[in-house]
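A.B. asks: Dropping the structure in here first, questions after.
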Amino acid sequence: MTHDKRTPAFWLLAAFFGAYVLFLYGPMLVIVVLSFQGPEGGLTFPMRGLSLHWFHKLAEGLGVVDIGAALYRSLGLGLVVMGFTIGFSVLAGLAFRKKLRFANVLFFTVVASLIMPSIIVSLGIGLEFRLLDSGIKKALEWAGMESSLETYGTALGIYTSALGAHLTWTLPFGLLIMFAIFNRFNPAYEEAARDLGATPWQTFRYVVLPLIAPSVVGIGMFGFTLSWDEIARTSQAIGDVNTLPLELQGLTTTVTTPSIYALGTVTMVVSFLVMGLAVGLSTLLAKRQHAKRDT
């Protein structure tokens, strides 16, 4: 039995890949390790003890910052963004299967947000909603609704401007995934369903959706994770409250204990849990499809 000898190019590429993986995951691993230091631990090595002390400190709160509220805000926003991303991406993918007027213009308009600087998008959305605030206040003043004018705050918020800012980031990815899926989708399945008397909704519900379900789960994962750790597009469009990534960014200049590493570890755990659930659900759906085809 002969073995092929590895060429120098193979080892060079292997070393490059190893360095890439280390560069990508090394900082996260360091944060996770340092977050388990003892009460006397600092922000750098060497470690001083091993405990869950800084996670308990995190649960108690970091100064005036309400970490729990920021966590729930990020989770809520991520789930809403995920839902909108799935819905709009699937509908857009179905629509683009047919000939549309100005389809190219619409496509490039959506995808353009991927190449625009995120902070510019955030500034634009923030300015747009501030102009909307001015218009609403003038309308209330013109209508003589003084009580409503006094209590009116701003249209900027988690589920208004921040939601729109996040969708400018997640929708292009969802749309590109759906394009890839439908480009290799066999329309014969739909034709067979229609020949058997299925309505358009039944065709989508019982034929198309089960076939594209693993990809839809992937779009949902993209939608949640991209929203979960977004900072730049949120910064100018969030209003008076902050998401967890924004709170974490602010704490980097004020917190000087490993509790900030504990917070980083918690956010990473949530991200990996979502990705694990998405991969598991996609695998389960794919196995069910293969089982149905075999029978």
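In the structure tokens, the first chain shown is A, the next is B, and so on; residue numbers restart at 1 for each chain, and ligands run from 1 in the order shown.
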If you count only C-alpha atoms, which residues fall within 12 Å of Asp66 (chain A), apart from same-chain ones fewer than 6 positions away, as a short mmCIF file (atom, residue, chain, number, x, y, z; two decimals) with C-alpha atoms, in the first residue's frame?

C.D. replies:
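Writing the result to part_18.cif gives the following:
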```cif
data_model
loop_
_atom_site.label_atom_id
_atom_site.label_comp_id
_atom_site.auth_asym_id
_atom_site.auth_seq_id
_atom_site.Cartn_x
_atom_site.Cartn_y
_atom_site.Cartn_z
CA LEU A 58 -22.78 39.88 35.81
CA ALA A 59 -26.15 38.61 37.09
CA GLU A 60 -26.07 41.28 39.81
CA TYR A 72 -34.28 40.79 26.33
CA ARG A 73 -34.30 43.72 23.91
CA VAL A 241 -32.36 52.44 24.72
CA ASN A 242 -29.54 50.09 23.79
CA THR A 243 -29.25 46.54 22.59
CA LEU A 244 -26.82 44.15 24.25
CA GLU A 247 -24.13 48.05 25.98
CA LEU A 248 -21.14 45.73 25.63
CA LEU A 251 -18.79 48.83 28.88
#
```

A.B. asks: Please produce, as a Markdown table, a per-residue contact table for region 170-281 of chain A versus region 110-129 of chain A (criterion: any atom at most 12 Å away, only C-alpha atoms considered), showing the nearest atom pair and its distance in Å to one decimal, sorted by chain then residue number.

C.D. replies:
```
| residue | atom | partner | partner_atom | distance |
| --- | --- | --- | --- | --- |
| A:Thr170 | CA | A:Leu114 | CA | 9.1 |
| A:Leu171 | CA | A:Val110 | CA | 7.7 |
| A:Pro172 | CA | A:Val111 | CA | 5.2 |
| A:Phe173 | CA | A:Val111 | CA | 8.3 |
| A:Gly174 | CA | A:Val111 | CA | 10.4 |
| A:Leu175 | CA | A:Val111 | CA | 8.6 |
| A:Leu176 | CA | A:Val111 | CA | 8.6 |
| A:Glu230 | CA | A:Ser118 | CA | 9.6 |
| A:Ile231 | CA | A:Ser118 | CA | 8.9 |
| A:Ala232 | CA | A:Ile119 | CA | 5.2 |
| A:Arg233 | CA | A:Ser122 | CA | 4.5 |
| A:Thr234 | CA | A:Ser122 | CA | 6.3 |
| A:Ser235 | CA | A:Ser122 | CA | 6.8 |
| A:Gln236 | CA | A:Ser122 | CA | 5.2 |
| A:Ala237 | CA | A:Gly126 | CA | 4.6 |
| A:Ile238 | CA | A:Gly126 | CA | 8.0 |
| A:Gly239 | CA | A:Gly126 | CA | 8.4 |
| A:Asp240 | CA | A:Gly126 | CA | 11.9 |
```

A.B. asks: Using only C-alpha atoms, which protein or nucleic acid residues come within 9 Å of Ala286 (chain A)? Drop anything in the same chain fewer than 6 positions from it, and give the result as a PyMOL selection string.

C.D. replies: chain A and resi 211+213-214

A.B. asks: Could you state the separation of CA of Phe45 (chain A) and CA of Leu273 (chain A) in Å, given to one decimal place?

C.D. replies: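 Taking CA of Phe45 (chain A) and CA of Leu273 (chain A), their separation equals 27.8 Å.
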
A.B. asks: Write out as a list of chain:residue names the residues lying within 12 Å of Gly41 (chain A), counting only C-alpha atoms and excluding same-chain residues fewer than 6 positions away.

C.D. replies: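 Returned residues: A:Val33, A:Leu34, A:Ser35, A:Met47, A:Arg48, A:Gly49, A:Leu50, A:Ser51, A:Leu52, A:His53, A:Trp54, A:Thr256, A:Thr257, A:Pro258, A:Ser259, A:Tyr261.
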
A.B. asks: Please report, as an NGL selection string, each residue of region 41-262 of chain A to which DSSP assigns alpha helix (DSSP H) when run on this structure's backbone.

C.D. replies: :A and (53-60 or 67-95 or 103-111 or 118-142 or 146-151 or 163-183 or 188-195 or 200-203 or 209-228 or 232-235 or 244-251 or 259-262)

A.B. asks: Would you kindly return, as a VMD selection string, each protein, DNA or RNA residue with an atom no farther than 8 Å from any atom of Val32 (chain A), considering only C-alpha atoms and excluding same-chain residues fewer than 5 positions away?

C.D. replies: chain A and resid 261 to 262 264 to 265

A.B. asks: Kindly indicate which residue among A:Met28, A:Gly135, A:Val216, A:Val105 lies nearest to Met178 (chain A), using only C-alpha atoms for the distances.

C.D. replies: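 For Met178 (chain A), the nearest of the candidates is A:Val216.
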